[in-house]
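Raw my_file18.cif, mmCIF, N, CA, C and O atoms:
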```
data_input
loop_
_atom_site.label_atom_id
_atom_site.label_comp_id
_atom_site.auth_asym_id
_atom_site.auth_seq_id
_atom_site.Cartn_x
_atom_site.Cartn_y
_atom_site.Cartn_z
N MET T 1 120.50 98.80 101.95
CA MET T 1 119.52 99.60 102.66
C MET T 1 119.32 100.93 101.94
O MET T 1 118.22 101.42 101.84
N GLU T 2 120.44 101.46 101.44
CA GLU T 2 120.38 102.73 100.75
C GLU T 2 119.57 102.63 99.46
O GLU T 2 118.78 103.50 99.14
N LYS T 3 119.75 101.52 98.74
CA LYS T 3 119.03 101.30 97.49
C LYS T 3 117.53 101.19 97.76
O LYS T 3 116.72 101.74 97.03
N PHE T 4 117.17 100.50 98.83
CA PHE T 4 115.77 100.35 99.21
C PHE T 4 115.17 101.72 99.52
O PHE T 4 114.08 102.04 99.07
N SER T 5 115.90 102.54 100.27
CA SER T 5 115.42 103.88 100.61
C SER T 5 115.26 104.73 99.36
O SER T 5 114.30 105.48 99.24
N ASP T 6 116.22 104.61 98.45
CA ASP T 6 116.13 105.36 97.20
C ASP T 6 114.90 104.96 96.40
O ASP T 6 114.22 105.81 95.84
N ASN T 7 114.60 103.67 96.37
CA ASN T 7 113.41 103.20 95.64
C ASN T 7 112.13 103.72 96.26
O ASN T 7 111.21 104.11 95.56
N ILE T 8 112.08 103.73 97.58
CA ILE T 8 110.88 104.26 98.26
C ILE T 8 110.74 105.75 97.96
O ILE T 8 109.64 106.23 97.68
N LYS T 9 111.86 106.49 98.00
CA LYS T 9 111.82 107.92 97.69
C LYS T 9 111.31 108.14 96.28
O LYS T 9 110.50 109.04 96.04
N LYS T 10 111.78 107.32 95.33
CA LYS T 10 111.35 107.46 93.94
C LYS T 10 109.85 107.22 93.80
O LYS T 10 109.16 107.94 93.08
N VAL T 11 109.32 106.22 94.52
CA VAL T 11 107.89 105.93 94.45
C VAL T 11 107.09 107.10 95.02
O VAL T 11 106.09 107.53 94.43
N ILE T 12 107.53 107.62 96.14
CA ILE T 12 106.82 108.75 96.76
C ILE T 12 106.88 109.97 95.86
O ILE T 12 105.87 110.66 95.65
N LEU T 13 108.06 110.27 95.31
CA LEU T 13 108.18 111.42 94.41
C LEU T 13 107.35 111.25 93.16
O LEU T 13 106.76 112.21 92.66
N ALA T 14 107.27 110.03 92.64
CA ALA T 14 106.44 109.77 91.46
C ALA T 14 104.97 110.04 91.79
O ALA T 14 104.24 110.63 90.99
N GLY T 15 104.55 109.61 92.97
CA GLY T 15 103.17 109.86 93.40
C GLY T 15 102.87 111.34 93.53
O GLY T 15 101.83 111.83 93.10
N ILE T 16 103.82 112.06 94.13
CA ILE T 16 103.64 113.51 94.29
C ILE T 16 103.59 114.18 92.92
O ILE T 16 102.78 115.07 92.68
N GLY T 17 104.47 113.74 92.01
CA GLY T 17 104.46 114.30 90.66
C GLY T 17 103.15 114.04 89.95
O GLY T 17 102.62 114.93 89.27
N ALA T 18 102.63 112.84 90.11
CA ALA T 18 101.35 112.51 89.49
C ALA T 18 100.23 113.38 90.03
O ALA T 18 99.37 113.85 89.28
N VAL T 19 100.25 113.63 91.34
CA VAL T 19 99.23 114.49 91.95
C VAL T 19 99.35 115.90 91.40
O VAL T 19 98.34 116.53 91.04
N ALA T 20 100.57 116.40 91.31
CA ALA T 20 100.77 117.77 90.82
C ALA T 20 100.28 117.92 89.39
O ALA T 20 99.59 118.88 89.06
N VAL T 21 100.64 116.97 88.55
CA VAL T 21 100.22 117.03 87.14
C VAL T 21 98.71 116.92 87.03
O VAL T 21 98.07 117.67 86.30
N THR T 22 98.12 116.00 87.77
CA THR T 22 96.67 115.80 87.71
C THR T 22 95.94 117.04 88.20
O THR T 22 94.96 117.47 87.60
N ALA T 23 96.41 117.61 89.31
CA ALA T 23 95.77 118.81 89.85
C ALA T 23 95.87 119.96 88.85
O ALA T 23 94.90 120.70 88.63
N GLU T 24 97.04 120.10 88.23
CA GLU T 24 97.24 121.17 87.25
C GLU T 24 96.33 120.99 86.04
O GLU T 24 95.69 121.93 85.57
N LYS T 25 96.25 119.76 85.55
CA LYS T 25 95.40 119.49 84.38
C LYS T 25 93.93 119.71 84.72
O LYS T 25 93.17 120.23 83.90
N SER T 26 93.52 119.28 85.92
CA SER T 26 92.11 119.47 86.29
C SER T 26 91.78 120.95 86.41
O SER T 26 90.71 121.39 86.01
N LYS T 27 92.73 121.73 86.95
CA LYS T 27 92.51 123.18 87.05
C LYS T 27 92.38 123.79 85.66
O LYS T 27 91.49 124.62 85.42
N ASP T 28 93.25 123.37 84.73
CA ASP T 28 93.18 123.89 83.37
C ASP T 28 91.84 123.55 82.73
O ASP T 28 91.22 124.38 82.06
N LEU T 29 91.37 122.32 82.92
CA LEU T 29 90.10 121.90 82.36
C LEU T 29 88.95 122.72 82.94
O LEU T 29 88.07 123.18 82.20
N LEU T 30 88.97 122.91 84.26
CA LEU T 30 87.91 123.69 84.89
C LEU T 30 87.93 125.14 84.42
O LEU T 30 86.88 125.74 84.17
N ASP T 31 89.13 125.71 84.28
CA ASP T 31 89.24 127.09 83.79
C ASP T 31 88.67 127.20 82.38
O ASP T 31 87.98 128.17 82.05
N GLU T 32 88.95 126.19 81.57
CA GLU T 32 88.43 126.19 80.20
C GLU T 32 86.91 126.12 80.20
O GLU T 32 86.24 126.81 79.42
N MET T 33 86.35 125.29 81.08
CA MET T 33 84.89 125.17 81.16
C MET T 33 84.26 126.48 81.63
O MET T 33 83.20 126.87 81.15
N VAL T 34 84.93 127.16 82.57
CA VAL T 34 84.42 128.45 83.05
C VAL T 34 84.42 129.45 81.91
O VAL T 34 83.46 130.20 81.72
N GLU T 35 85.49 129.47 81.12
CA GLU T 35 85.58 130.39 79.98
C GLU T 35 84.44 130.15 78.99
O GLU T 35 83.90 131.08 78.41
N LYS T 36 84.09 128.90 78.78
CA LYS T 36 83.04 128.57 77.82
C LYS T 36 81.65 128.83 78.41
O LYS T 36 80.66 128.72 77.72
N GLY T 37 81.60 129.14 79.69
CA GLY T 37 80.33 129.43 80.32
C GLY T 37 79.60 128.20 80.80
O GLY T 37 78.44 128.28 81.20
N GLU T 38 80.27 127.06 80.75
CA GLU T 38 79.63 125.83 81.19
C GLU T 38 79.56 125.74 82.71
O GLU T 38 78.74 125.04 83.26
N LEU T 39 80.45 126.45 83.36
CA LEU T 39 80.45 126.49 84.83
C LEU T 39 80.62 127.93 85.27
O LEU T 39 81.26 128.73 84.61
N THR T 40 80.09 128.23 86.42
CA THR T 40 80.37 129.54 86.99
C THR T 40 81.73 129.46 87.67
O THR T 40 82.25 128.38 87.93
N VAL T 41 82.30 130.60 87.96
CA VAL T 41 83.61 130.65 88.62
C VAL T 41 83.54 129.94 89.97
O VAL T 41 84.43 129.16 90.33
N GLU T 42 82.48 130.17 90.70
CA GLU T 42 82.34 129.55 92.03
C GLU T 42 82.23 128.04 91.93
O GLU T 42 82.82 127.30 92.70
N GLN T 43 81.43 127.55 90.96
CA GLN T 43 81.32 126.10 90.77
C GLN T 43 82.68 125.51 90.40
O GLN T 43 83.04 124.44 90.88
N GLY T 44 83.43 126.22 89.58
CA GLY T 44 84.75 125.75 89.19
C GLY T 44 85.69 125.65 90.38
O GLY T 44 86.43 124.68 90.52
N LYS T 45 85.64 126.64 91.26
CA LYS T 45 86.49 126.62 92.45
C LYS T 45 86.12 125.45 93.36
O LYS T 45 87.00 124.76 93.88
N VAL T 46 84.84 125.23 93.54
CA VAL T 46 84.38 124.14 94.39
C VAL T 46 84.82 122.80 93.82
O VAL T 46 85.35 121.94 94.54
N LEU T 47 84.62 122.60 92.52
CA LEU T 47 85.02 121.35 91.88
C LEU T 47 86.53 121.15 91.96
O LEU T 47 87.01 120.04 92.20
N ASN T 48 87.29 122.21 91.78
CA ASN T 48 88.74 122.12 91.84
C ASN T 48 89.19 121.69 93.24
O ASN T 48 90.06 120.83 93.38
N GLU T 49 88.59 122.26 94.26
CA GLU T 49 88.95 121.88 95.64
C GLU T 49 88.58 120.42 95.92
O GLU T 49 89.33 119.70 96.57
N GLU T 50 87.42 119.99 95.43
CA GLU T 50 87.02 118.60 95.61
C GLU T 50 87.99 117.65 94.91
O GLU T 50 88.37 116.62 95.47
N LEU T 51 88.41 118.01 93.71
CA LEU T 51 89.36 117.17 92.98
C LEU T 51 90.69 117.09 93.72
O LEU T 51 91.27 116.01 93.85
N LYS T 52 91.17 118.21 94.23
CA LYS T 52 92.43 118.22 94.97
C LYS T 52 92.33 117.32 96.20
O LYS T 52 93.23 116.55 96.51
N HIS T 53 91.20 117.44 96.91
CA HIS T 53 91.00 116.63 98.11
C HIS T 53 90.97 115.14 97.76
O HIS T 53 91.61 114.33 98.43
N ASN T 54 90.24 114.79 96.71
CA ASN T 54 90.16 113.38 96.31
C ASN T 54 91.51 112.84 95.86
O ASN T 54 91.86 111.70 96.16
N ILE T 55 92.28 113.65 95.16
CA ILE T 55 93.60 113.21 94.70
C ILE T 55 94.52 112.99 95.89
O ILE T 55 95.22 111.98 95.96
N LYS T 56 94.52 113.92 96.83
CA LYS T 56 95.37 113.77 98.02
C LYS T 56 95.00 112.52 98.80
O LYS T 56 95.87 111.78 99.27
N LYS T 57 93.71 112.27 98.93
CA LYS T 57 93.24 111.09 99.66
C LYS T 57 93.69 109.81 98.96
O LYS T 57 94.16 108.87 99.60
N THR T 58 93.60 109.79 97.64
CA THR T 58 94.01 108.61 96.87
C THR T 58 95.51 108.38 96.99
O THR T 58 95.95 107.25 97.18
N VAL T 59 96.28 109.45 96.90
CA VAL T 59 97.74 109.30 97.00
C VAL T 59 98.13 108.79 98.38
O VAL T 59 98.97 107.91 98.50
N LYS T 60 97.52 109.32 99.42
CA LYS T 60 97.83 108.85 100.78
C LYS T 60 97.52 107.36 100.91
O LYS T 60 98.28 106.61 101.49
N ALA T 61 96.42 106.94 100.34
CA ALA T 61 96.05 105.52 100.42
C ALA T 61 97.07 104.67 99.66
O ALA T 61 97.47 103.61 100.15
N LYS T 62 97.50 105.13 98.50
CA LYS T 62 98.46 104.36 97.70
C LYS T 62 99.84 104.34 98.35
O LYS T 62 100.53 103.33 98.29
N VAL T 63 100.26 105.44 98.95
CA VAL T 63 101.57 105.49 99.60
C VAL T 63 101.58 104.54 100.79
O VAL T 63 102.59 103.90 101.07
N ASN T 64 100.47 104.41 101.47
CA ASN T 64 100.40 103.53 102.63
C ASN T 64 100.34 102.06 102.24
O ASN T 64 100.40 101.19 103.10
N GLU T 65 100.24 101.77 100.94
CA GLU T 65 100.17 100.39 100.48
C GLU T 65 101.56 99.82 100.17
O GLU T 65 101.68 98.87 99.43
N VAL T 66 102.60 100.42 100.73
CA VAL T 66 103.95 99.92 100.47
C VAL T 66 104.03 98.49 100.97
O VAL T 66 103.71 98.19 102.12
N LYS T 67 104.46 97.60 100.08
CA LYS T 67 104.52 96.18 100.42
C LYS T 67 105.78 95.90 101.22
O LYS T 67 106.83 96.45 100.93
N PRO T 68 105.68 95.01 102.20
CA PRO T 68 106.88 94.67 102.97
C PRO T 68 107.90 93.95 102.10
O PRO T 68 107.55 93.26 101.14
N ALA T 69 109.15 94.14 102.44
CA ALA T 69 110.22 93.51 101.68
C ALA T 69 110.21 92.00 101.92
O ALA T 69 109.86 91.53 103.00
N THR T 70 110.61 91.26 100.91
CA THR T 70 110.71 89.81 101.05
C THR T 70 112.01 89.47 101.78
O THR T 70 112.90 90.31 101.90
N ALA T 71 112.13 88.24 102.22
CA ALA T 71 113.35 87.80 102.90
C ALA T 71 114.55 87.93 101.95
O ALA T 71 115.65 88.30 102.37
N GLU T 72 114.32 87.67 100.68
CA GLU T 72 115.39 87.79 99.69
C GLU T 72 115.85 89.24 99.56
O GLU T 72 117.05 89.53 99.50
N ASP T 73 114.89 90.19 99.52
CA ASP T 73 115.23 91.61 99.44
C ASP T 73 116.06 92.03 100.65
O ASP T 73 117.05 92.75 100.52
N LEU T 74 115.63 91.59 101.83
CA LEU T 74 116.34 91.96 103.06
C LEU T 74 117.74 91.37 103.06
O LEU T 74 118.70 92.03 103.49
N SER T 75 117.87 90.15 102.58
CA SER T 75 119.18 89.51 102.52
C SER T 75 120.13 90.29 101.61
O SER T 75 121.29 90.52 101.95
N GLU T 76 119.62 90.72 100.46
CA GLU T 76 120.42 91.52 99.54
C GLU T 76 120.84 92.83 100.17
O GLU T 76 121.99 93.27 100.03
N LEU T 77 119.92 93.47 100.89
CA LEU T 77 120.24 94.73 101.55
C LEU T 77 121.31 94.53 102.62
O LEU T 77 122.24 95.33 102.74
N LEU T 78 121.17 93.47 103.40
CA LEU T 78 122.16 93.21 104.45
C LEU T 78 123.54 92.96 103.85
O LEU T 78 124.55 93.38 104.43
N ASP T 79 123.61 92.30 102.71
CA ASP T 79 124.89 92.03 102.06
C ASP T 79 125.58 93.33 101.64
O ASP T 79 126.80 93.39 101.60
N LYS T 80 124.80 94.35 101.34
CA LYS T 80 125.35 95.62 100.87
C LYS T 80 125.64 96.61 102.01
O LYS T 80 126.24 97.65 101.78
N MET T 81 125.20 96.29 103.22
CA MET T 81 125.36 97.21 104.35
C MET T 81 126.77 97.15 104.92
O MET T 81 127.41 96.11 104.93
N THR T 82 127.20 98.31 105.43
CA THR T 82 128.49 98.38 106.11
C THR T 82 128.31 97.85 107.53
O THR T 82 127.17 97.80 108.04
N PRO T 83 129.41 97.50 108.20
CA PRO T 83 129.29 97.05 109.59
C PRO T 83 128.62 98.10 110.49
O PRO T 83 127.86 97.75 111.40
N GLU T 84 128.87 99.37 110.21
CA GLU T 84 128.25 100.44 111.01
C GLU T 84 126.73 100.47 110.80
O GLU T 84 125.97 100.66 111.74
N GLN T 85 126.31 100.28 109.55
CA GLN T 85 124.88 100.27 109.26
C GLN T 85 124.20 99.06 109.92
O GLN T 85 123.09 99.18 110.44
N ILE T 86 124.89 97.92 109.90
CA ILE T 86 124.34 96.72 110.54
C ILE T 86 124.22 96.93 112.04
O ILE T 86 123.21 96.57 112.65
N ALA T 87 125.23 97.56 112.65
CA ALA T 87 125.19 97.84 114.09
C ALA T 87 124.02 98.77 114.41
O ALA T 87 123.30 98.56 115.39
N ALA T 88 123.81 99.79 113.57
CA ALA T 88 122.70 100.72 113.79
C ALA T 88 121.36 99.99 113.66
O ALA T 88 120.43 100.24 114.44
N LEU T 89 121.27 99.09 112.70
CA LEU T 89 120.05 98.31 112.52
C LEU T 89 119.78 97.43 113.74
O LEU T 89 118.65 97.33 114.21
N LYS T 90 120.84 96.80 114.26
CA LYS T 90 120.69 95.97 115.46
C LYS T 90 120.16 96.80 116.62
O LYS T 90 119.29 96.34 117.38
N GLU T 91 120.69 98.01 116.77
CA GLU T 91 120.22 98.89 117.85
C GLU T 91 118.74 99.20 117.70
O GLU T 91 117.99 99.20 118.67
N GLN T 92 118.33 99.47 116.47
CA GLN T 92 116.91 99.77 116.22
C GLN T 92 116.05 98.56 116.54
O GLN T 92 114.96 98.69 117.13
N ILE T 93 116.51 97.37 116.18
CA ILE T 93 115.75 96.15 116.45
C ILE T 93 115.63 95.94 117.96
O ILE T 93 114.53 95.64 118.46
N LEU T 94 116.73 96.09 118.68
CA LEU T 94 116.70 95.92 120.14
C LEU T 94 115.76 96.94 120.78
O LEU T 94 115.02 96.60 121.71
N LYS T 95 115.78 98.17 120.28
CA LYS T 95 114.91 99.21 120.82
C LYS T 95 113.43 98.84 120.60
O LYS T 95 112.61 98.96 121.49
N LYS T 96 113.10 98.37 119.38
CA LYS T 96 111.73 97.97 119.08
C LYS T 96 111.29 96.78 119.94
O LYS T 96 110.16 96.74 120.42
N GLU T 97 112.21 95.82 120.13
CA GLU T 97 111.88 94.67 120.98
C GLU T 97 111.60 95.11 122.40
O GLU T 97 110.66 94.63 123.04
N ALA T 98 112.41 96.04 122.91
CA ALA T 98 112.21 96.54 124.27
C ALA T 98 110.87 97.26 124.39
O ALA T 98 110.14 97.09 125.37
N GLU T 99 110.53 98.05 123.37
CA GLU T 99 109.24 98.76 123.38
C GLU T 99 108.08 97.77 123.35
O GLU T 99 107.08 97.95 124.05
N SER T 100 108.21 96.72 122.53
CA SER T 100 107.16 95.71 122.43
C SER T 100 106.98 94.97 123.76
O SER T 100 105.85 94.71 124.18
N GLU T 101 108.10 94.64 124.41
CA GLU T 101 108.02 93.97 125.69
C GLU T 101 107.37 94.86 126.74
O GLU T 101 106.58 94.39 127.56
N GLN T 102 107.70 96.15 126.70
CA GLN T 102 107.13 97.09 127.66
C GLN T 102 105.62 97.22 127.43
O GLN T 102 104.84 97.21 128.37
N GLU T 103 105.20 97.32 126.18
CA GLU T 103 103.77 97.40 125.87
C GLU T 103 103.05 96.15 126.29
O GLU T 103 101.92 96.20 126.79
N ALA T 104 103.69 95.00 126.09
CA ALA T 104 103.06 93.74 126.48
C ALA T 104 102.89 93.64 127.99
O ALA T 104 101.86 93.18 128.48
N SER T 105 103.89 94.11 128.73
CA SER T 105 103.80 94.03 130.19
C SER T 105 102.79 95.03 130.74
O SER T 105 102.15 94.79 131.75
N GLU T 106 102.61 96.15 130.06
CA GLU T 106 101.63 97.15 130.48
C GLU T 106 100.21 96.67 130.20
O GLU T 106 99.27 97.01 130.90
N GLY T 107 100.06 95.86 129.17
CA GLY T 107 98.74 95.37 128.78
C GLY T 107 98.22 94.27 129.68
O GLY T 107 97.05 93.91 129.65
N GLU T 108 99.07 93.71 130.50
CA GLU T 108 98.65 92.59 131.38
C GLU T 108 97.93 93.06 132.59
O GLU T 108 97.82 94.01 133.11
#
```
Could I get this structure in the form of structure tokens?
Amino acid sequence: MEKFSDNIKKVILAGIGAVAVTAEKSKDLLDEMVEKGELTVEQGKVLNEELKHNIKKTVKAKVNEVKPATAEDLSELLDKMTPEQIAALKEQILKKEAESEQEASEGE
């Protein structure tokens, strides 16, 4: 379970790093264009904000595309878990089942 969490953290951090680098590079490019007179300062600021917004939107979409683990992946994780971690997982599963049952009964 810990390895799976570490992998997810690495993917998220890689995405954040990519956004930071891209935003920084786009800012540098826009600043260069402003210096050359190809853009006004205001146009550069507007374009920079649009780029930041688009990058954030793309990263959010990609982060939400995390694929569910396969049965094999889950089996490997369970083999590596301590009895305490397995007990905590069972509690979480029971809690989710109870919530699902409650939602189902409310929907009737």
I'd like the neighbourhood of Thr22 of chain T as a list in words, where a residue qualifies if any of its atoms comes within 9 Å (using only C-alpha atoms), though same-chain residues fewer than 4 positions away should be ignored.
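Neighbouring residues, sequence-local ones excluded: Gly17, Ala18, Ser26, Lys27, Lys52 and Ile55 of chain T.
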Have a look at atom C of Lys80 of chain T and atom N of Gln92 of chain T and let me know their distance in Å, one decimal.
16.5 Å
Rounded to one decimal place, report the atom O of Ala88 of chain T-atom N of Lys60 of chain T distance in Å.
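These atoms are spaced 28.9 Å apart.
Of the residues under consideration (T:Leu74, T:Lys90, T:Gly15, T:Asp31), T:Asp31 shows the shortest atom-to-atom contact distance to Gly44 of chain T when counting only N, CA, C and O atoms.
Here atom CA of Glu32 of chain T is placed at a distance of 20.5 Å from atom CA of His53 of chain T.
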